[in-house]
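*Asks:* What follows is final_31.txt; its format and atoms are compact mmCIF, C-alpha atoms (C1' of nucleotides).
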```
# COMPACT_ATOMS: atom_id res chain seq x y z
CA MET S 1 19.07 -104.79 34.60
CA THR S 2 19.64 -107.94 36.51
CA THR S 3 16.75 -106.88 38.64
CA GLY S 4 14.95 -110.02 37.56
CA SER S 5 12.49 -110.93 40.27
CA THR S 6 14.09 -113.93 41.93
CA PRO S 7 17.27 -114.98 40.24
CA SER S 8 17.28 -118.71 40.82
CA LEU S 9 18.24 -119.25 44.39
CA THR S 10 19.19 -122.71 45.47
CA LYS S 11 17.63 -124.38 48.47
CA ASN S 12 20.32 -123.34 50.93
CA GLN S 13 20.46 -119.86 49.58
CA SER S 14 16.70 -119.51 49.95
CA LEU S 15 16.84 -120.79 53.48
CA VAL S 16 19.58 -118.38 54.46
CA TYR S 17 17.89 -115.47 52.77
CA GLY S 18 14.62 -116.42 54.42
CA ALA S 19 16.22 -116.32 57.83
CA LEU S 20 17.65 -112.89 57.19
CA ASP S 21 14.44 -111.62 55.68
CA ARG S 22 12.41 -112.82 58.64
CA ALA S 23 14.78 -111.26 61.13
CA ASP S 24 14.29 -107.65 62.07
CA GLY S 25 17.95 -107.12 62.61
CA PRO S 26 21.37 -108.41 61.66
CA LEU S 27 22.21 -112.06 62.22
CA THR S 28 25.59 -113.70 62.52
CA ALA S 29 26.43 -116.68 60.37
CA TYR S 30 26.30 -119.00 63.35
CA THR S 31 22.95 -117.68 64.45
CA ILE S 32 21.62 -118.38 61.00
CA LEU S 33 23.10 -121.84 61.18
CA ASP S 34 21.38 -122.51 64.47
CA GLN S 35 18.07 -121.32 63.10
CA LEU S 36 18.35 -123.58 60.11
CA ARG S 37 19.52 -126.77 61.73
CA ASP S 38 16.03 -128.20 61.53
CA GLU S 39 16.00 -127.49 57.82
CA GLY S 40 19.08 -129.58 57.34
CA LEU S 41 21.97 -127.19 57.62
CA ARG S 42 24.78 -128.63 59.65
CA ALA S 43 28.03 -126.76 59.10
CA PRO S 44 29.33 -123.19 58.72
CA PRO S 45 30.44 -123.48 55.10
CA GLN S 46 26.88 -124.09 54.03
CA VAL S 47 25.88 -120.78 55.50
CA TYR S 48 28.93 -118.84 54.39
CA ARG S 49 28.64 -120.10 50.85
CA SER S 50 25.04 -119.04 50.66
CA LEU S 51 25.86 -115.68 52.15
CA GLU S 52 28.60 -115.13 49.62
CA ARG S 53 26.21 -115.79 46.78
CA LEU S 54 23.49 -113.60 48.24
CA ILE S 55 25.93 -110.77 48.74
CA ASN S 56 27.10 -111.05 45.15
CA LEU S 57 23.49 -110.94 44.06
CA GLY S 58 23.03 -107.79 46.07
CA MET S 59 20.36 -109.29 48.27
CA VAL S 60 22.35 -109.27 51.48
CA HIS S 61 24.81 -106.91 53.10
CA ARG S 62 27.60 -107.75 55.45
CA LEU S 63 28.03 -105.41 58.41
CA GLU S 64 31.74 -105.26 59.00
CA THR S 65 31.55 -103.73 62.42
CA LEU S 66 29.18 -106.40 63.69
CA ASN S 67 30.38 -109.49 61.87
CA ALA S 68 26.77 -109.93 60.91
CA PHE S 69 24.50 -109.94 57.90
CA VAL S 70 21.24 -108.25 56.89
CA ALA S 71 18.83 -108.63 54.04
CA CYS S 72 18.93 -105.61 51.79
CA ARG S 73 15.84 -103.52 52.35
CA HIS S 74 16.40 -101.16 49.51
CA PRO S 75 13.68 -100.75 46.94
CA SER S 76 16.08 -101.05 44.05
CA CYS S 77 19.48 -101.10 45.55
CA GLU S 78 21.50 -99.99 42.59
CA ASP S 79 24.50 -98.86 44.52
CA HIS S 80 25.24 -101.94 46.44
CA ALA S 81 28.91 -101.32 46.96
CA HIS S 82 28.20 -98.00 48.62
CA ALA S 83 25.47 -98.72 51.09
CA VAL S 84 25.46 -96.70 54.28
CA PHE S 85 24.29 -98.06 57.60
CA MET S 86 23.22 -96.46 60.83
CA ILE S 87 23.57 -98.81 63.74
CA CYS S 88 21.87 -97.98 67.01
CA GLU S 89 23.90 -99.14 69.95
CA ALA S 90 20.92 -98.88 72.24
CA CYS S 91 18.34 -100.98 70.41
CA ASP S 92 20.55 -102.73 67.85
CA HIS S 93 18.38 -101.45 65.07
CA VAL S 94 20.13 -101.14 61.75
CA ALA S 95 18.97 -98.77 59.04
CA GLU S 96 20.29 -98.93 55.54
CA ILE S 97 20.19 -95.59 53.85
CA GLY S 98 21.02 -94.24 50.46
CA ASP S 99 22.34 -90.75 50.43
CA SER S 100 23.61 -89.51 47.15
CA PRO S 101 25.31 -86.37 48.47
CA LEU S 102 27.27 -88.58 50.82
CA THR S 103 28.09 -91.00 48.02
CA LYS S 104 29.20 -88.03 45.95
CA SER S 105 31.41 -86.92 48.80
CA LEU S 106 33.00 -90.34 48.98
CA ASN S 107 33.64 -90.39 45.27
CA ARG S 108 35.03 -86.89 45.37
CA VAL S 109 37.45 -87.80 48.13
CA ALA S 110 38.59 -90.91 46.29
CA ARG S 111 39.04 -88.98 43.07
CA GLY S 112 41.02 -86.36 44.92
CA TYR S 113 43.57 -88.98 45.85
CA ASP S 114 43.47 -90.75 42.49
CA PHE S 115 42.04 -93.66 44.35
CA GLN S 116 39.98 -96.08 42.31
CA LEU S 117 37.10 -96.84 44.62
CA SER S 118 35.70 -100.34 44.45
CA LYS S 119 33.79 -100.57 47.69
CA ALA S 120 32.93 -98.15 50.45
CA VAL S 121 32.20 -99.39 53.93
CA VAL S 122 30.28 -96.78 55.87
CA GLU S 123 28.81 -97.78 59.18
CA LEU S 124 27.63 -95.11 61.57
CA HIS S 125 27.33 -96.02 65.21
CA GLY S 126 25.28 -94.09 67.68
CA THR S 127 21.79 -93.75 69.02
CA CYS S 128 18.72 -93.77 66.81
CA ALA S 129 15.91 -91.25 67.03
CA ALA S 130 13.61 -93.61 68.90
CA CYS S 131 16.21 -94.30 71.55
CA VAL S 132 17.24 -90.67 71.94
CA ALA S 133 13.73 -89.32 72.24
CA PRO S 134 12.33 -89.41 75.75
CA SER S 135 8.90 -88.86 74.21
CA ASP S 136 6.77 -91.79 75.27
CA GLY S 137 7.27 -93.74 78.44
CA SER S 138 8.08 -97.09 76.89
CA LYS S 139 10.67 -96.60 74.27
CA ASP S 140 12.43 -99.88 74.38
CA LYS S 141 11.93 -101.54 71.06
CA LYS S 142 12.51 -105.15 71.56
CA MET H 1 60.57 -81.92 80.15
CA THR H 2 60.85 -84.90 82.47
CA THR H 3 59.28 -87.82 80.65
CA GLY H 4 56.77 -85.49 79.16
CA SER H 5 55.73 -86.15 75.57
CA THR H 6 54.34 -89.66 75.74
CA PRO H 7 51.31 -89.88 77.99
CA SER H 8 52.54 -92.57 80.36
CA LEU H 9 52.56 -95.73 78.36
CA THR H 10 53.35 -98.92 80.16
CA LYS H 11 56.00 -101.29 78.89
CA ASN H 12 53.62 -103.49 76.95
CA GLN H 13 51.79 -100.52 75.52
CA SER H 14 55.05 -99.02 74.33
CA LEU H 15 56.10 -102.28 72.75
CA VAL H 16 52.82 -102.65 70.90
CA TYR H 17 52.82 -99.06 69.76
CA GLY H 18 56.42 -99.40 68.66
CA ALA H 19 55.55 -102.37 66.49
CA LEU H 20 52.71 -100.48 64.84
CA ASP H 21 54.78 -97.37 64.43
CA ARG H 22 57.62 -99.28 62.81
CA ALA H 23 55.28 -101.09 60.44
CA ASP H 24 54.39 -99.46 57.14
CA GLY H 25 50.96 -101.00 57.12
CA PRO H 26 48.30 -102.50 59.33
CA LEU H 27 49.16 -105.39 61.61
CA THR H 28 46.90 -107.96 63.17
CA ALA H 29 47.02 -108.58 66.88
CA TYR H 30 48.63 -111.95 66.37
CA THR H 31 51.26 -110.56 64.06
CA ILE H 32 52.14 -108.02 66.71
CA LEU H 33 52.31 -110.80 69.24
CA ASP H 34 54.71 -112.77 67.06
CA GLN H 35 56.92 -109.75 66.58
CA LEU H 36 57.10 -109.12 70.29
CA ARG H 37 57.69 -112.62 71.55
CA ASP H 38 61.36 -111.89 72.02
CA GLU H 39 60.45 -108.90 74.14
CA GLY H 40 58.52 -111.09 76.48
CA LEU H 41 54.95 -111.07 75.20
CA ARG H 42 53.40 -114.48 75.26
CA ALA H 43 49.62 -114.34 74.96
CA PRO H 44 46.91 -112.49 73.02
CA PRO H 45 45.38 -110.65 75.98
CA GLN H 46 48.61 -108.78 76.52
CA VAL H 47 48.38 -107.40 73.00
CA TYR H 48 44.66 -106.76 73.01
CA ARG H 49 44.81 -104.95 76.31
CA SER H 50 47.55 -102.69 75.05
CA LEU H 51 45.67 -102.05 71.84
CA GLU H 52 42.56 -101.12 73.74
CA ARG H 53 44.45 -98.55 75.74
CA LEU H 54 46.23 -97.14 72.70
CA ILE H 55 42.96 -96.82 70.85
CA ASN H 56 41.41 -94.99 73.77
CA LEU H 57 44.39 -92.65 73.80
CA GLY H 58 43.84 -92.00 70.12
CA MET H 59 47.24 -93.33 69.13
CA VAL H 60 46.00 -96.35 67.23
CA HIS H 61 43.10 -97.10 64.91
CA ARG H 62 41.38 -100.37 64.34
CA LEU H 63 40.54 -101.22 60.76
CA GLU H 64 37.25 -103.05 60.90
CA THR H 65 37.41 -104.46 57.43
CA LEU H 66 40.84 -105.96 57.97
CA ASN H 67 40.72 -106.97 61.61
CA ALA H 68 43.96 -105.11 61.90
CA PHE H 69 45.48 -102.07 63.57
CA VAL H 70 47.50 -99.04 62.52
CA ALA H 71 49.33 -96.30 64.34
CA CYS H 72 47.60 -92.99 63.86
CA ARG H 73 49.60 -90.89 61.44
CA HIS H 74 47.62 -87.75 61.91
CA PRO H 75 49.46 -84.64 63.00
CA SER H 76 46.91 -83.80 65.63
CA CYS H 77 44.17 -86.26 65.25
CA GLU H 78 41.37 -84.42 66.95
CA ASP H 79 38.59 -86.25 65.23
CA HIS H 80 39.50 -89.73 66.16
CA ALA H 81 36.03 -91.17 66.02
CA HIS H 82 35.62 -90.04 62.44
CA ALA H 83 38.79 -91.12 60.72
CA VAL H 84 38.54 -92.13 57.09
CA PHE H 85 40.73 -94.78 55.52
CA MET H 86 41.61 -95.66 51.97
CA ILE H 87 42.79 -99.22 51.67
CA CYS H 88 44.55 -100.36 48.52
CA GLU H 89 43.71 -103.92 47.66
CA ALA H 90 46.69 -104.19 45.37
CA CYS H 91 49.53 -103.11 47.62
CA ASP H 92 47.81 -103.20 51.02
CA HIS H 93 48.75 -99.62 51.65
CA VAL H 94 46.44 -97.80 54.04
CA ALA H 95 46.05 -94.05 54.06
CA GLU H 96 44.30 -92.23 56.84
CA ILE H 97 42.73 -89.04 55.65
CA GLY H 98 40.84 -86.20 57.17
CA ASP H 99 38.21 -84.67 54.98
CA SER H 100 35.99 -82.15 56.61
CA PRO H 101 33.41 -81.94 53.81
CA LEU H 102 32.98 -85.68 54.09
CA THR H 103 32.74 -85.46 57.85
CA LYS H 104 30.16 -82.74 57.41
CA SER H 105 28.23 -84.97 55.06
CA LEU H 106 28.24 -87.74 57.61
CA ASN H 107 27.04 -85.44 60.33
CA ARG H 108 24.37 -84.01 58.06
CA VAL H 109 23.07 -87.48 57.23
CA ALA H 110 23.00 -88.47 60.87
CA ARG H 111 21.24 -85.26 61.82
CA GLY H 112 18.72 -85.82 59.06
CA TYR H 113 17.66 -89.03 60.71
CA ASP H 114 17.88 -87.67 64.26
CA PHE H 115 20.67 -90.10 64.75
CA GLN H 116 23.13 -89.26 67.50
CA LEU H 117 26.43 -90.16 65.92
CA SER H 118 29.07 -91.54 68.25
CA LYS H 119 31.45 -93.18 65.83
CA ALA H 120 31.75 -93.35 62.08
CA VAL H 121 33.54 -96.21 60.42
CA VAL H 122 34.53 -95.25 56.90
CA GLU H 123 36.85 -97.56 55.04
CA LEU H 124 37.26 -97.17 51.32
CA HIS H 125 38.55 -100.13 49.37
CA GLY H 126 40.04 -99.90 45.94
CA THR H 127 43.29 -99.25 44.17
CA CYS H 128 45.65 -96.47 45.14
CA ALA H 129 47.18 -94.02 42.70
CA ALA H 130 50.52 -95.80 42.63
CA CYS H 131 48.92 -99.11 41.79
CA VAL H 132 46.57 -97.70 39.17
CA ALA H 133 49.29 -95.81 37.33
CA PRO H 134 51.08 -97.95 34.78
CA SER H 135 53.88 -95.37 34.77
CA ASP H 136 57.06 -97.30 35.44
CA GLY H 137 57.62 -100.98 34.83
CA SER H 138 58.19 -102.04 38.42
CA LYS H 139 55.59 -100.45 40.53
CA ASP H 140 55.22 -102.94 43.30
CA LYS H 141 55.55 -101.07 46.54
CA LYS H 142 56.29 -103.74 49.01
C1' DC L 1 25.98 -142.04 27.86
C1' DG L 2 30.01 -139.13 29.17
C1' DT L 3 31.56 -134.86 30.58
C1' DG L 4 31.84 -130.37 32.66
C1' DT L 5 29.94 -127.44 35.99
C1' DT L 6 27.88 -126.05 40.03
C1' DA L 7 25.86 -126.86 44.60
C1' DT L 8 26.37 -129.74 48.48
C1' DG L 9 27.86 -132.20 52.67
C1' DT L 10 31.50 -132.93 56.05
C1' DT L 11 35.67 -132.64 58.72
C1' DA L 12 39.15 -130.22 60.41
C1' DT L 13 41.48 -126.21 61.07
C1' DC L 14 42.58 -121.41 61.12
C1' DT L 15 42.13 -116.62 62.65
C1' DC L 16 40.45 -113.26 65.74
C1' DA L 17 39.04 -112.05 70.41
C1' DT L 18 37.87 -112.39 75.28
C1' DA L 19 36.59 -114.65 79.95
C1' DA L 20 38.41 -115.79 84.09
C1' DC L 21 41.69 -116.15 87.59
C1' DG L 22 45.84 -115.17 90.00
C1' DT L 23 50.19 -112.26 90.83
C1' DG L 24 53.20 -108.22 91.31
C1' DC L 25 53.89 -103.63 92.43
C1' DG L 26 53.59 -98.78 93.32
C1' DA L 27 50.73 -95.32 95.68
C1' DT L 28 47.75 -94.20 99.60
C1' DT L 29 46.06 -94.53 103.92
C1' DT L 30 46.36 -95.45 108.73
C1' DA Q 1 55.86 -100.04 108.50
C1' DA Q 2 51.57 -102.72 107.77
C1' DA Q 3 47.39 -102.83 105.53
C1' DT Q 4 45.07 -101.67 101.61
C1' DC Q 5 43.73 -100.40 96.95
C1' DG Q 6 44.07 -100.10 92.16
C1' DC Q 7 46.11 -101.23 88.07
C1' DA Q 8 48.86 -103.53 84.88
C1' DC Q 9 50.54 -107.96 84.14
C1' DG Q 10 50.89 -113.09 83.12
C1' DT Q 11 48.57 -117.38 81.98
C1' DT Q 12 45.22 -120.79 80.67
C1' DA Q 13 41.38 -121.86 78.41
C1' DT Q 14 37.70 -121.05 75.50
C1' DG Q 15 34.45 -118.54 72.60
C1' DA Q 16 33.31 -116.65 68.09
C1' DG Q 17 34.03 -116.00 63.21
C1' DA Q 18 35.64 -117.89 58.88
C1' DT Q 19 37.71 -120.97 55.55
C1' DA Q 20 40.66 -124.92 53.47
C1' DA Q 21 40.27 -129.18 51.64
C1' DC Q 22 38.14 -133.10 50.03
C1' DA Q 23 34.30 -136.08 48.59
C1' DT Q 24 29.65 -136.46 46.63
C1' DA Q 25 25.33 -135.32 44.33
C1' DA Q 26 22.62 -132.97 40.81
C1' DC Q 27 22.05 -131.18 36.55
C1' DA Q 28 22.75 -129.34 31.81
C1' DC Q 29 24.24 -130.47 27.40
C1' DG Q 30 26.94 -132.14 23.36
```
Could you render the structure from this file as structure tokens?
*Replies:*
Amino acid sequence: MTTGSTPSLTKNQSLVYGALDRADGPLTAYTILDQLRDEGLRAPPQVYRSLERLINLGMVHRLETLNAFVACRHPSCEDHAHAVFMICEACDHVAEIGDSPLTKSLNRVARGYDFQLSKAVVELHGTCAACVAPSDGSKDKK
Amino acid sequence: MTTGSTPSLTKNQSLVYGALDRADGPLTAYTILDQLRDEGLRAPPQVYRSLERLINLGMVHRLETLNAFVACRHPSCEDHAHAVFMICEACDHVAEIGDSPLTKSLNRVARGYDFQLSKAVVELHGTCAACVAPSDGSKDKK
DNA sequence: CGTGTTATGTTATCTCATAACGTGCGATTT
DNA sequence: AAATCGCACGTTATGAGATAACATAACACG
């Protein structure tokens, strides 16, 4: 529905989104601020306000366990309040996944307790396939 | 039984656990500190160090989305790295639940991505049964 | 124009968390 | 017992994350 291409981002919002989109991993608000100082950003509220808007638009996710933010990589992220993340503690890679059985499980649990679910935070920590596999000699990503 | 049951908590650890155990909801580290000033605690590290130990012992959980801590209410919380929480945004009540189908789902997802799961953070936000139900006129819990 | 609304810039402050350093004390070793 | 070790403890200071509060600019629109 509101999947209109680019829904009128302001300058700051574009800058912040650009930083996250460029990055290959999560960024903290202060890291974003540092990256955008040359573009005119000077203070935390400018970043946090943009982030808030971008999150409401469904373009950015906040990773609660990292105090950091990532651009949403989902094709058409319909279920924004129920995103699931896998966070590799070895290479810091973050994968956003959609898994409907898991989402169903979450809803079932909530329903079972008569709990009206508004947002599910699911962040899995561990080691990603690339970092587990001893396959090729050089496996360090970054 | 000697001093059997409790696995050798130090004074500070006991104080911090006591505060969490007494509380009917999550407490932040600084709230705990304030509550324990009369008992001799003066600075954040004293609380954080105790919390770290208690978490390692499996007696306390950290709620990532609240930056707060709760005493583990589980009978025999074997699966401490996979606890699931339902957090009511209306009354601030937090329920820790064990749901093995959900845990299975999480493990299945991780396995599907060859992801070696070490810890799952699952925190459901919404409205609890008591706060949804319009049943009786005064339903405020606190 | 005047007015309401929304984004912005800026300062200061608040909350959460840890680094770093030194002390006290019980257990172990010699 | 003296020397030593490890661990919890106490304390100060600071780092990191987030927001309150206030003033200004930009824009849409009746």
*Asks:* Given identical sequences, what C-alpha RMSD separates chain S from chain H after least-squares superposition over all Cα in order?
*Replies:* 2.3 Å
*Asks:* Report as JSON, numbers by chain all protein, DNA and RNA residues lying within 12 Å of segment 3-10 of chain L, evaluated on all atoms listed in the file, omitting residues in the same chain fewer than 4 positions from it.
*Replies:* {"S": [9, 10, 11, 12, 13, 40, 41, 42, 43, 44, 45, 46, 47, 49, 50, 53], "Q": [21, 22, 23, 24, 25, 26, 27, 28, 29, 30]}
*Asks:* Got a sec to pull out which chain H residues are within 10 Å of chain L, counting all atoms listed in the file, and send them as a ChimeraX atom specification?
*Replies:* /H:28-30,44-45,48,67-68
*Asks:* Using atom CA of Asp114 of chain H and atom CA of Ala129 of chain S as the two end points, give the distance in Å to one decimal.
*Replies:*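 So the answer is 4.9 Å.
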*Asks:* With only C-alpha atoms as the atoms that count, which of S:His125, S:Gln116, S:His82, S:Thr31 lies nearest to Lys104 of chain S?
*Replies:* S:His82
*Asks:* Please determine the contact residues of chain S with respect to chain H at a cut-off of 7 Å, counting all atoms listed in the file, and supply them as a PyMOL selection string.
*Replies:* chain S and resi 64-65+102+105-106+113-129
*Asks:* Can you write out the residues you just picked, keeping C-alpha atoms, as a PDB file, in the coordinates of the input?
*Replies:*
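As a result, result22.pdb now contains:
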```pdb
ATOM      1  CA  GLU S  64      31.740-105.260  59.000  1.00  0.00           C
ATOM      2  CA  THR S  65      31.550-103.730  62.420  1.00  0.00           C
ATOM      3  CA  LEU S 102      27.270 -88.580  50.820  1.00  0.00           C
ATOM      4  CA  SER S 105      31.410 -86.920  48.800  1.00  0.00           C
ATOM      5  CA  LEU S 106      33.000 -90.340  48.980  1.00  0.00           C
ATOM      6  CA  TYR S 113      43.570 -88.980  45.850  1.00  0.00           C
ATOM      7  CA  ASP S 114      43.470 -90.750  42.490  1.00  0.00           C
ATOM      8  CA  PHE S 115      42.040 -93.660  44.350  1.00  0.00           C
ATOM      9  CA  GLN S 116      39.980 -96.080  42.310  1.00  0.00           C
ATOM     10  CA  LEU S 117      37.100 -96.840  44.620  1.00  0.00           C
ATOM     11  CA  SER S 118      35.700-100.340  44.450  1.00  0.00           C
ATOM     12  CA  LYS S 119      33.790-100.570  47.690  1.00  0.00           C
ATOM     13  CA  ALA S 120      32.930 -98.150  50.450  1.00  0.00           C
ATOM     14  CA  VAL S 121      32.200 -99.390  53.930  1.00  0.00           C
ATOM     15  CA  VAL S 122      30.280 -96.780  55.870  1.00  0.00           C
ATOM     16  CA  GLU S 123      28.810 -97.780  59.180  1.00  0.00           C
ATOM     17  CA  LEU S 124      27.630 -95.110  61.570  1.00  0.00           C
ATOM     18  CA  HIS S 125      27.330 -96.020  65.210  1.00  0.00           C
ATOM     19  CA  GLY S 126      25.280 -94.090  67.680  1.00  0.00           C
ATOM     20  CA  THR S 127      21.790 -93.750  69.020  1.00  0.00           C
ATOM     21  CA  CYS S 128      18.720 -93.770  66.810  1.00  0.00           C
ATOM     22  CA  ALA S 129      15.910 -91.250  67.030  1.00  0.00           C
TER      23      ALA S 129
END
```
*Asks:* Near chain H, which residues of chain Q fall within 9 Å when you count all atoms listed in the file, and what do they look like as a PyMOL selection string?
*Replies:* chain Q and resi 8-11
*Asks:* Restrict the selected residues to C-alpha atoms (C1' of nucleotides) and save them as a short mmCIF file (atom, residue, chain, number, x, y, z; two decimals), keeping the file's coordinate frame.
*Replies:*
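Okay, this is what ended up in again_2.cif:
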```
data_model
loop_
_atom_site.label_atom_id
_atom_site.label_comp_id
_atom_site.auth_asym_id
_atom_site.auth_seq_id
_atom_site.Cartn_x
_atom_site.Cartn_y
_atom_site.Cartn_z
"C1'" DA Q 8 48.86 -103.53 84.88
"C1'" DC Q 9 50.54 -107.96 84.14
"C1'" DG Q 10 50.89 -113.09 83.12
"C1'" DT Q 11 48.57 -117.38 81.98
#
```
*Asks:* To one decimal place in Å, what is the distance between atom CA of His93 of chain H and atom CA of Gly25 of chain H?
*Replies:*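 Answer for the atom CA of His93 of chain H to atom CA of Gly25 of chain H separation: 6.1 Å.
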*Asks:* Report as a short mmCIF file (atom, residue, chain, number, x, y, z; two decimals) with C-alpha atoms, in the coordinates of the input all protein, DNA and RNA residues lying within 8 Å of Leu36 of chain H, evaluated on only C-alpha atoms (C1' of nucleotides), omitting residues in the same chain fewer than 6 positions from it.
*Replies:*
```
data_model
loop_
_atom_site.label_atom_id
_atom_site.label_comp_id
_atom_site.auth_asym_id
_atom_site.auth_seq_id
_atom_site.Cartn_x
_atom_site.Cartn_y
_atom_site.Cartn_z
CA LEU H 15 56.10 -102.28 72.75
CA VAL H 16 52.82 -102.65 70.90
CA ALA H 19 55.55 -102.37 66.49
#
```
*Asks:* In Å, rounded to a single decimal, give me how far atom CA of Tyr17 of chain S is from atom CA of Val60 of chain S.
*Replies:* 7.7 Å
